[in-house]
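Notes follow the structure.
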Amino acid sequence: MIRSYGQLFKFGMGLVITVFTLVFGPALLAVPFIPDKDEQILERLPLAADPVSRELRALRNKLNTNPDRLELAVKLAQQYIAIGKTESDPRFYGYAQGVLMPWWNSKEPPSEVLLLRALILQNRHDFDSALQDLELLLRREPKNTQAWLTRAVILQVRARYDDAQLSCLPLMESDTLLAGTCLSNISSLTGHAVKSYDFLYDALSGAGVISADQRLWSLTVLAEIAARLGKNKEANYFFTEALKIRRQDAYLLAAYADFLLDEKRPVQVMALLSGRTRIDSLLLRLALAKQQLAANDLPDILAQIKARFEASRLRGESLHQGDEARFTLYLLKQPQQALRLAQANWALQREPKDARILLESAIAANNAAAAQPVIEMLAKTGMEHLQLRRLAARLEKN
Amino acid sequence: MVFAHKASDSYLALKISGPTIKGQWDIALRDLDYAISLDTNDDSAITWGELRKKRESVSTYAFSHLQIFAGSLRCRISPADYMVDTHTDGAYAVLQFEVDCPEQLAAISVNYTLFFDLDPQHRGLLRVDYQGATHTALLSPAQNLQKFELNQLKSGTAFLQYLQEGIRHIWTGYDHIMFLLSLLLPAVLYRQAKQWQSELRFRPVLMEVIKIVTAFTIAHSITLCLATLGVISLPSRWVESAIAASVILAALNNLYPLISNKLWLVAFGFGLIHGLGFANVLKDLGLPQHMLLLTLLAFNLGVEIGQLTIVSGFLPAAFWLRQTWWYRKLLVSLGSGLIAIIASIWLLERSLNLRLINW
C-alpha cells in the first residue's frame, strides 16, 4: 500500500493521467477544423508535375466519353497498374479496376482484360482467382509471356516451386534472359542456389542490349540469392546496381533495407528510405532502423504504423500480416500475437521472408511446434538460406 | 507525420439521439479530386481555397451517392458544416449534415454508392451511434445497403460508453470541479482566530475529504436517479442557475467563512442540485428505455470515477503544499475569489439566458 506522501502524490497523478488519456485520448486524435487561410495546402496529389499525369488525364477524358472502348480502357488500366506497382499505392489498382468495369464481372472477358484482372487480383492477394484467370488466358494464348511470368511469380509466392519452374520454361522461346532470371530465381530456392547464381550472373553479363525492367529484375534476383547465400559483398553490389536503374521500386527498396538491417547498417536504411515512407512496408523498415539506432522519434513512428494497420483492419483487410507480425514481434515485443499473425500470413504467402518471421516468432513465443511447417518446407526444398538455417538450428537445439 | 498509401475509404458516422440524426462524412481529397477535380489551378496541390470554392459541387456529388431510409421512407439530408480533417492517408473533406426522417425511427437503412463506379475497391466505413452503443458496418459494391434495427444494440458497449460520458461530463463541466475544489481547498487547513492554520496530520485531512466527497456523491446520486426516473422534474434553466449559485456560495465561504466545520452538510445540500444537472446531461444523451437502470448506473459510476480522480490528484498536492504561505493566502483566497467571479458570470448567463463570454 501507500507508505509516504510522495508515493501518494505519484499515485494520484498517475491516476489523473490514466483516466485523462482513456477518456480524452480518442477524442484528441481527430478533430475537424476550418483552415485559417485559403492558401493553406491540404493535400499534395501524387505524380506531382509529372507528364504521365497529364497523359493519363487525357486518356481518361477520352474514355469517359466512350467507356466501352476496350483498347483505351486497357491502355489506361495498364498505366494505372504500372504506377500502382512502383508506388505500391493500392488506389491506382482500384482505378484500373474502375476503368475495366464493363468487362470485370464477365466469365470470358477479352484476353487483355484477363491479364490485367489477374494482376489486380494478385495485388489484393486473391491468388486463387488470379491463377484461374491466368489459366484461362493461357488456354487461349499459350504463348502469352506476361501470363506465364505472372503465373510463375504467384506460384513462387505460394512455394509451389515445381509448378513455378514449369511456368518459366515457355518463356525460353521469346527471351532467354527473362526465362533465365525466372528459372534461377526459383531453382535458387530449391537447393541449387550456387548454380543458379553463377548461371544468372553469366547470362546477365553476356546479354546484349536489354530493357531497364529486365536488368532491374535480374540484378534484384542476383542480389537476393547472394544475400541468402551469405555473399554479403556481392549482394550489396547488386542491390546498389539495381538502385541505379530505378530508385522508386518499392519491392527493391524493401529487399535492400532488409539486407542492410541484417548487416546492422541502420544509417544507410534511413538514407535509402527517406521520403518513401508513404509505403507501409518501407515505414516499418525505417522504424526497425530507428530501433537499432535507439532514435528518439521511434514512438511517434510506431503510433503511425499502428494507425495504418488499424485503418486497414477497419476495411476488413489483412493484406500485410507478414509485416504486421514483424512489427508486433520486434517493435511491440508481443511474441504470442506475432506468432498468430505469422501463422495466418503463412497460410497465404510462403516466400522466404514469410518463413523467416514465422520461425522468429515461434522461437520468441517458445513454440517449436508452430515452426514445423517451415522446418518441413526447408527439408523438402533444400532451400539455401543462411538466416533460415540458423533459426531452424536454434529451434532443433532447444 | 507521413501519410500512408492506402486503398480508398470514406468514414460515415451517424449519431442518432431521440428523433434526430446527425451525420458526419469524411471523404478523402484525393478521391474527390479523382472524381470531380478539386485542383483547379492544376499545380498538384489542393488548397483550402480550392476546396472551399468547390463546396457546392462536393456536397452535391457526395449526397447524390447516399440515401438514408427510416423503414421504407426516404429521409431528407441537409448539409451543415464543411470542414477538413486528416486520416492516416492524408486530408479529408468533412461534410456534416442533418437527417430528417418522415417516420419514427425503428430501423434505418443506408444506401451508399460513392466512388464505386470509379474505384470498385473503395469502401464506406459506416458507424452508427445510438443510445450510447456503437455499430459499425462496411459498405462495398457488393454490399452497398446496410440496415440497422435500432432496438438490437448490445448492453456491454452501452455500459462502457455511458461510463465514459460520466467521466467526460465531470471533467468538462467545470462547474462541478469548481464546486468540489472550493469545498476541498480548505480541507488541509483549519480555522483559528480568524486565520487559516495548516493541519499537520494527514488523517484528519483525509477524513474531512472523505466526508465531503461521500456527502456530495450520495446527494447527487439521489437526485440523479429521481430525475432520470421521472420522479422529480425541474426546468433546466433553474437547475443550471442554482448550480452556478452553489459554486459562488462555496467559494465565498472560503473568503468569509460562515461554515467551517460542517462542510459536508454544504456538500450534501448543494449535491442535490448538482445531481439534477447530471440528469439533464443524461437526458440529452438519450436513454435506452430497455436498459435504463444499467446506463444510469454506468453514467453515475463514470461521474464518481471522474470525481475521485480529481480528488486523488488534488489531495496529495494540497497536503504537500499546505504549509506554504501562498497556499493559504494566494491559492485559497485568490483561487476562491476567481471561482466566485467565474461562477457569477455563469449565474448571470444562465438565469438571464445571455452569453457574456465565449467559454
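Residues in the C-alpha cells are numbered from 1 in each chain, the chains being A, B, ... in the order shown, and ligands are numbered from 1 in the order shown.
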For the contact check between chain B and chain A, emit one row per residue of chain B within 6 Å, containing the shortest atom pair and the distance in Å rounded to one decimal, counting only C-alpha atoms, chain then rising number order, as a Markdown table.
```
| residue | atom | partner | partner_atom | distance |
| --- | --- | --- | --- | --- |
| B:Phe3 | CA | A:Arg278 | CA | 5.5 |
| B:Ala4 | CA | A:Arg278 | CA | 4.2 |
| B:His5 | CA | A:Asp89 | CA | 5.2 |
| B:Lys6 | CA | A:Pro90 | CA | 5.9 |
| B:Ala7 | CA | A:Arg91 | CA | 4.9 |
| B:Ser44 | CA | A:Leu45 | CA | 5.1 |
| B:Ala45 | CA | A:Arg44 | CA | 4.4 |
| B:Ile46 | CA | A:Glu43 | CA | 5.2 |
| B:Thr47 | CA | A:Ile41 | CA | 4.2 |
| B:Trp48 | CA | A:Asp38 | CA | 4.9 |
| B:Gly49 | CA | A:Asp38 | CA | 4.0 |
| B:Met83 | CA | A:Ile34 | CA | 5.1 |
| B:Val84 | CA | A:Phe33 | CA | 5.3 |
| B:Asp85 | CA | A:Pro32 | CA | 4.6 |
| B:Ala91 | CA | A:Glu43 | CA | 5.8 |
| B:Leu118 | CA | A:Gly98 | CA | 4.8 |
| B:Asp119 | CA | A:Gly94 | CA | 4.7 |
| B:Pro120 | CA | A:Gly98 | CA | 5.8 |
| B:Gln121 | CA | A:Gly94 | CA | 5.1 |
| B:Thr309 | CA | A:Val16 | CA | 5.5 |
| B:Ser312 | CA | A:Gly12 | CA | 4.7 |
| B:Gly313 | CA | A:Gly12 | CA | 4.5 |
| B:Pro316 | CA | A:Phe9 | CA | 4.8 |
```
Out of segment 58-307 of chain B, which residues get alpha helix (DSSP H) from DSSP, as a PyMOL selection string? chain B and resi 58-63+155-172+174-184+202-228+236-255+263-285+292-307
I need the residues from that last selection saved to file as a CSV table (one decimal), in the first residue's frame (with C-alpha atoms), if you can.
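part.csv was written with the following content:
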```
chain,number,residue,atom,x,y,z
B,58,VAL,CA,-18.5,18.4,-53.5
B,59,SER,CA,-21.7,18.4,-51.5
B,60,THR,CA,-24.0,17.7,-54.5
B,61,TYR,CA,-21.7,14.9,-55.7
B,62,ALA,CA,-21.4,13.2,-52.3
B,63,PHE,CA,-25.0,13.4,-51.3
B,155,SER,CA,-25.6,-3.6,-23.5
B,156,GLY,CA,-21.9,-4.1,-22.8
B,157,THR,CA,-20.8,-1.4,-25.2
B,158,ALA,CA,-23.6,0.9,-23.9
B,159,PHE,CA,-22.3,0.5,-20.3
B,160,LEU,CA,-18.8,1.4,-21.2
B,161,GLN,CA,-19.9,4.4,-23.3
B,162,TYR,CA,-22.1,5.8,-20.6
B,163,LEU,CA,-19.3,5.3,-18.1
B,164,GLN,CA,-17.0,7.4,-20.4
B,165,GLU,CA,-19.7,10.0,-20.8
B,166,GLY,CA,-20.0,10.3,-17.0
B,167,ILE,CA,-16.2,10.9,-16.6
B,168,ARG,CA,-16.2,13.3,-19.5
B,169,HIS,CA,-19.0,15.3,-18.1
B,170,ILE,CA,-17.3,15.8,-14.7
B,171,TRP,CA,-14.1,16.9,-16.4
B,172,THR,CA,-15.6,19.2,-19.0
B,174,TYR,CA,-16.2,22.9,-14.9
B,175,ASP,CA,-18.9,23.9,-12.5
B,176,HIS,CA,-18.8,20.6,-10.7
B,177,ILE,CA,-15.0,20.6,-10.5
B,178,MET,CA,-15.0,24.2,-9.2
B,179,PHE,CA,-17.7,23.4,-6.6
B,180,LEU,CA,-15.7,20.4,-5.3
B,181,LEU,CA,-12.4,22.3,-5.3
B,182,SER,CA,-14.0,25.2,-3.4
B,183,LEU,CA,-15.0,22.8,-0.7
B,184,LEU,CA,-11.7,20.9,-0.7
B,202,PHE,CA,-2.8,13.6,7.4
B,203,ARG,CA,-5.5,11.5,9.0
B,204,PRO,CA,-8.0,14.4,9.8
B,205,VAL,CA,-7.4,15.8,6.4
B,206,LEU,CA,-8.3,12.5,4.8
B,207,MET,CA,-11.3,12.1,6.9
B,208,GLU,CA,-12.5,15.6,6.1
B,209,VAL,CA,-12.1,14.9,2.3
B,210,ILE,CA,-13.9,11.6,2.6
B,211,LYS,CA,-16.8,13.1,4.4
B,212,ILE,CA,-17.2,15.9,1.8
B,213,VAL,CA,-16.8,13.7,-1.2
B,214,THR,CA,-19.2,11.0,0.2
B,215,ALA,CA,-21.8,13.5,1.1
B,216,PHE,CA,-21.6,15.1,-2.4
B,217,THR,CA,-21.8,11.7,-4.0
B,218,ILE,CA,-24.8,10.4,-2.1
B,219,ALA,CA,-26.7,13.6,-2.6
B,220,HIS,CA,-26.2,13.9,-6.3
B,221,SER,CA,-26.8,10.2,-6.8
B,222,ILE,CA,-30.2,10.5,-5.1
B,223,THR,CA,-31.4,13.4,-7.3
B,224,LEU,CA,-29.8,11.9,-10.5
B,225,CYS,CA,-31.8,8.8,-10.0
B,226,LEU,CA,-35.0,10.5,-9.1
B,227,ALA,CA,-34.9,12.9,-12.0
B,228,THR,CA,-33.9,10.3,-14.5
B,236,SER,CA,-33.0,23.1,-16.6
B,237,ARG,CA,-32.5,26.9,-16.5
B,238,TRP,CA,-33.4,26.9,-12.9
B,239,VAL,CA,-31.1,24.0,-12.1
B,240,GLU,CA,-28.2,25.3,-14.0
B,241,SER,CA,-28.5,28.7,-12.3
B,242,ALA,CA,-28.7,27.1,-8.9
B,243,ILE,CA,-25.6,25.1,-9.7
B,244,ALA,CA,-23.8,28.4,-10.5
B,245,ALA,CA,-25.1,29.9,-7.3
B,246,SER,CA,-23.8,26.9,-5.3
B,247,VAL,CA,-20.3,27.4,-6.7
B,248,ILE,CA,-20.4,31.1,-5.7
B,249,LEU,CA,-21.5,30.3,-2.2
B,250,ALA,CA,-19.0,27.6,-1.7
B,251,ALA,CA,-16.2,29.9,-2.9
B,252,LEU,CA,-17.3,32.9,-0.8
B,253,ASN,CA,-17.4,30.7,2.2
B,254,ASN,CA,-13.6,30.3,1.9
B,255,LEU,CA,-13.2,34.1,1.9
B,263,LEU,CA,-18.7,21.5,5.2
B,264,TRP,CA,-20.0,18.0,4.4
B,265,LEU,CA,-23.5,19.4,5.1
B,266,VAL,CA,-23.0,22.0,2.4
B,267,ALA,CA,-21.7,19.4,0.1
B,268,PHE,CA,-24.8,17.3,0.7
B,269,GLY,CA,-27.3,20.2,0.3
B,270,PHE,CA,-25.8,21.5,-2.9
B,271,GLY,CA,-25.0,18.0,-4.2
B,272,LEU,CA,-28.8,17.5,-4.5
B,273,ILE,CA,-28.8,20.3,-7.1
B,274,HIS,CA,-25.8,19.1,-9.0
B,275,GLY,CA,-27.5,15.7,-9.4
B,276,LEU,CA,-30.3,17.4,-11.2
B,277,GLY,CA,-27.7,18.9,-13.6
B,278,PHE,CA,-26.3,15.4,-14.3
B,279,ALA,CA,-29.7,14.2,-15.0
B,280,ASN,CA,-30.2,16.8,-17.7
B,281,VAL,CA,-27.0,15.7,-19.4
B,282,LEU,CA,-28.1,12.1,-19.3
B,283,LYS,CA,-31.4,13.1,-20.9
B,284,ASP,CA,-29.6,14.9,-23.7
B,285,LEU,CA,-27.6,11.8,-24.4
B,292,LEU,CA,-32.4,2.4,-18.3
B,293,LEU,CA,-31.0,1.3,-15.0
B,294,LEU,CA,-27.9,-0.1,-16.5
B,295,THR,CA,-27.0,3.1,-18.3
B,296,LEU,CA,-28.0,5.2,-15.2
B,297,LEU,CA,-25.6,3.1,-13.1
B,298,ALA,CA,-22.9,3.4,-15.7
B,299,PHE,CA,-23.2,7.1,-16.0
B,300,ASN,CA,-23.2,7.6,-12.3
B,301,LEU,CA,-20.2,5.4,-11.9
B,302,GLY,CA,-18.4,7.4,-14.5
B,303,VAL,CA,-19.2,10.6,-12.6
B,304,GLU,CA,-17.8,9.1,-9.4
B,305,ILE,CA,-14.6,7.9,-11.2
B,306,GLY,CA,-14.1,11.3,-12.7
B,307,GLN,CA,-14.6,12.9,-9.3
```
Leaving out segment 161-172 of chain A and any residue of its chain fewer than 6 positions from it, which residues lie within 12 Å of it when counting only C-alpha atoms, given as a VMD selection string? chain A and resid 131 134 to 135 138 141 to 155 178 to 191 350 to 351 377 380 to 383
Just to be explicit: take each residue in the selection above, keep C-alpha atoms, and write the result as a tab-separated table (two decimals), in the first residue's frame.
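Saved the output as out_30.tsv:
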```tsv
chain	number	residue	atom	x	y	z
A	131	LEU	CA	-4.34	-18.09	-61.12
A	134	LEU	CA	-4.16	-16.84	-65.96
A	135	GLU	CA	-5.00	-20.48	-66.73
A	138	LEU	CA	-3.02	-19.39	-71.32
A	141	GLU	CA	-2.92	-17.81	-75.79
A	142	PRO	CA	-0.30	-20.42	-74.93
A	143	LYS	CA	2.47	-18.01	-75.93
A	144	ASN	CA	1.47	-15.12	-73.69
A	145	THR	CA	4.78	-14.31	-71.99
A	146	GLN	CA	3.31	-11.94	-69.41
A	147	ALA	CA	0.78	-14.54	-68.32
A	148	TRP	CA	3.40	-17.30	-67.87
A	149	LEU	CA	5.62	-14.91	-65.94
A	150	THR	CA	2.87	-13.65	-63.62
A	151	ARG	CA	1.80	-17.24	-63.02
A	152	ALA	CA	5.38	-18.20	-62.11
A	153	VAL	CA	5.61	-15.32	-59.63
A	154	ILE	CA	2.33	-16.22	-57.90
A	155	LEU	CA	3.26	-19.90	-57.71
A	178	LEU	CA	13.78	-13.41	-68.93
A	179	ALA	CA	13.43	-17.19	-68.76
A	180	GLY	CA	16.87	-17.49	-67.15
A	181	THR	CA	16.02	-14.99	-64.43
A	182	CYS	CA	12.66	-16.66	-63.79
A	183	LEU	CA	14.27	-20.11	-63.56
A	184	SER	CA	17.25	-19.13	-61.43
A	185	ASN	CA	15.02	-17.21	-59.06
A	186	ILE	CA	13.05	-20.36	-58.37
A	187	SER	CA	15.76	-23.01	-58.54
A	188	SER	CA	17.85	-20.94	-56.12
A	189	LEU	CA	15.13	-21.73	-53.58
A	190	THR	CA	15.27	-25.47	-54.19
A	191	GLY	CA	18.84	-26.35	-53.32
A	350	ARG	CA	5.22	-18.65	-48.35
A	351	GLU	CA	8.18	-16.65	-49.51
A	377	MET	CA	9.46	-26.80	-46.18
A	380	LYS	CA	11.58	-30.72	-48.68
A	381	THR	CA	13.06	-27.98	-50.86
A	382	GLY	CA	16.65	-27.99	-49.60
A	383	MET	CA	16.47	-24.21	-49.65
```
Could you check how far atom CA of Ser37 of chain B sits from atom CA of Arg55 of chain B, in Å to one decimal?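 Computing it gives 12.3 Å between the two atoms.
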